[in-house]
Amino acid sequence: MFMYSKKVMEHFMSPRNVGEIKDADGIGEIGNPVCGDMMTFYIKVKDNKINDVKFKTFGCGAAIAVSSMVSEMAKGKTLDEALKISNKNVAKELGGLPKNKLHCSNLGADALHKAIENYKKKQKNKK
Ligand code: FES
């Protein structure tokens with residue numbers, strides 16, 4: 001049996017920012033090729049900052065904890081700062097993940113980055 005860190009358990013038991021933003025400024029969806037799990041991030045952007053962030057994750061406990069942590073890390077950050085959040089940072093913030101669960105941490109930051117790209121694309125199209 002492998003062990004999850006306290007932080008992972010805590011985020012899994014009470015994930016932050018679960019849900020959907022109906023009028024999101026950017027949406028990023030990503031699937032995990034290893035297991036087929038899915039994650040979607042929604043962001044609201046104001047003054048170049050992530051004002052609100054929500055996610056929906058159809059996946060394992062580690063993936064839920066990862067999404068929750070990413071959402072917390074992203075809130076209030078500028079877009080550039082948020083783009084610097086990496087899957088590695090996230091796993092580290094969570095106190096590590098069991099080796100066979102590391103692939104689960106690959107989704108979080110990627111989904112967030114995709115949502116930011118989606119937002120930027122929309123802005124460009126507006127102009
Ligand atoms: Fe699929 Fe963890 S088993 S993300």
# chains A, B, ... in the order shown; residues from 1 in each chain; ligands from 1
$ residues_around --residues "Ser68 of chain A" --least-positions-apart "5" --cutoff "8 Å" --atoms "only C-alpha atoms" --output "ChimeraX atom specification"
/A:11-12,15-18,55
$ residues_near_ligand --ligand "ligand 1" --cutoff "6 Å" --atoms "only C-alpha atoms and all ligand atoms" --output "ChimeraX atom specification"
/A:35,37,59-60,62-63,104
$ write_last_selection --atoms "N, CA and C atoms" --output "compact mmCIF listing (two decimals), in the first residue's frame"
# COMPACT_ATOMS: atom_id res chain seq x y z
N CYS A 35 -4.64 7.08 -17.90
CA CYS A 35 -5.80 6.43 -17.27
C CYS A 35 -7.13 6.86 -17.85
N ASP A 37 -8.60 9.72 -17.27
CA ASP A 37 -9.30 10.68 -16.42
C ASP A 37 -9.31 12.07 -17.07
N GLY A 59 -11.80 11.97 -11.92
CA GLY A 59 -10.56 11.24 -11.80
C GLY A 59 -10.36 10.71 -10.40
N CYS A 60 -9.16 10.24 -10.19
CA CYS A 60 -8.83 9.61 -8.92
C CYS A 60 -8.64 10.66 -7.82
N ALA A 62 -5.98 11.48 -6.18
CA ALA A 62 -4.79 12.31 -6.37
C ALA A 62 -5.09 13.43 -7.36
N ALA A 63 -5.82 13.10 -8.42
CA ALA A 63 -6.15 14.12 -9.43
C ALA A 63 -7.03 15.21 -8.82
N CYS A 104 -0.81 11.47 -12.26
CA CYS A 104 -2.03 12.20 -11.93
C CYS A 104 -1.76 13.69 -11.78
$ select_by_dssp --residues "segment 3-127 of chain A" --states "alpha helix (DSSP H)" --output "JSON, numbers by chain"
{"A": [6, 7, 8, 9, 10, 11, 12, 13, 61, 62, 63, 64, 65, 66, 67, 68, 69, 70, 71, 72, 73, 74, 79, 80, 81, 82, 83, 87, 88, 89, 90, 91, 92, 93, 106, 107, 108, 109, 110, 111, 112, 113, 114, 115, 116, 117, 118, 119, 120, 121, 122, 123, 124, 125, 126]}
$ residues_around --residues "Val34 of chain A" --least-positions-apart "6" --cutoff "12 Å" --atoms "only C-alpha atoms" --output "list in words"
Gly59, Asn100, Lys101, Leu102, His103, Cys104, Ser105, Asn106 and Leu107 of chain A
$ closest_residue --among "A:Val45, A:Val66, A:Ala109, A:Met9" --to "Asn87 of chain A" --atoms "only C-alpha atoms"
A:Ala109
$ atom_distance --atom1 "atom CA of Lys54 of chain A" --atom2 "atom CA of Pro98 of chain A"
25.4 Å
$ select_by_dssp --residues "segment 3-111 of chain A" --states "strand (DSSP E)" --output "ChimeraX atom specification"
/A:26-31,38-46,49-58
$ write_last_selection --atoms "C-alpha atoms" --output "PDB file, in the first residue's frame"
ATOM      1  CA  GLY A  26     -11.192  30.819 -20.339  1.00  0.00           C
ATOM      2  CA  ILE A  27     -11.747  27.074 -20.255  1.00  0.00           C
ATOM      3  CA  GLY A  28      -9.091  24.380 -20.388  1.00  0.00           C
ATOM      4  CA  GLU A  29      -9.846  20.725 -20.686  1.00  0.00           C
ATOM      5  CA  ILE A  30      -7.360  17.941 -20.609  1.00  0.00           C
ATOM      6  CA  GLY A  31      -7.368  14.159 -20.449  1.00  0.00           C
ATOM      7  CA  MET A  38     -10.466  14.184 -17.302  1.00  0.00           C
ATOM      8  CA  MET A  39     -10.005  17.624 -15.825  1.00  0.00           C
ATOM      9  CA  THR A  40     -11.535  20.972 -16.767  1.00  0.00           C
ATOM     10  CA  PHE A  41     -10.480  24.360 -15.460  1.00  0.00           C
ATOM     11  CA  TYR A  42     -12.553  27.539 -15.667  1.00  0.00           C
ATOM     12  CA  ILE A  43     -11.063  30.977 -15.063  1.00  0.00           C
ATOM     13  CA  LYS A  44     -12.322  34.499 -14.664  1.00  0.00           C
ATOM     14  CA  VAL A  45      -9.775  37.171 -15.484  1.00  0.00           C
ATOM     15  CA  LYS A  46      -9.714  40.758 -14.315  1.00  0.00           C
ATOM     16  CA  LYS A  49      -5.181  38.493 -12.877  1.00  0.00           C
ATOM     17  CA  ILE A  50      -7.006  35.289 -12.171  1.00  0.00           C
ATOM     18  CA  ASN A  51      -9.962  36.570 -10.255  1.00  0.00           C
ATOM     19  CA  ASP A  52     -11.787  33.289  -9.899  1.00  0.00           C
ATOM     20  CA  VAL A  53     -11.035  29.716 -10.726  1.00  0.00           C
ATOM     21  CA  LYS A  54     -13.075  26.539 -10.579  1.00  0.00           C
ATOM     22  CA  PHE A  55     -12.546  23.004 -11.755  1.00  0.00           C
ATOM     23  CA  LYS A  56     -14.280  19.759 -12.504  1.00  0.00           C
ATOM     24  CA  THR A  57     -12.287  16.588 -12.258  1.00  0.00           C
ATOM     25  CA  PHE A  58     -13.433  13.148 -13.227  1.00  0.00           C
TER      26      PHE A  58
END
$ closest_residue --among "A:Gly61, A:Ile116, A:Lys92, A:Ser5" --to "Asp80 of chain A" --atoms "only C-alpha atoms"
A:Ile116
$ closest_residue --among "A:Met69, A:Ala74, A:Ala111, A:Ala82" --to "Val8 of chain A" --atoms "only C-alpha atoms"
A:Met69
$ closest_residue --among "A:Ala115, A:Met13, A:Val70, A:Leu79" --to "Ala91 of chain A" --atoms "only C-alpha atoms"
A:Val70
$ closest_residue --among "A:Asn48, A:Ser14, A:Asn32, A:Asn118" --to "Thr78 of chain A" --atoms "only C-alpha atoms"
A:Asn48
$ atom_distance --atom1 "atom CA of Ile21 of chain A" --atom2 "atom CA of Lys75 of chain A"
13.9 Å
$ atom_distance --atom1 "atom CA of Leu83 of chain A" --atom2 "atom CA of Met3 of chain A"
29.6 Å
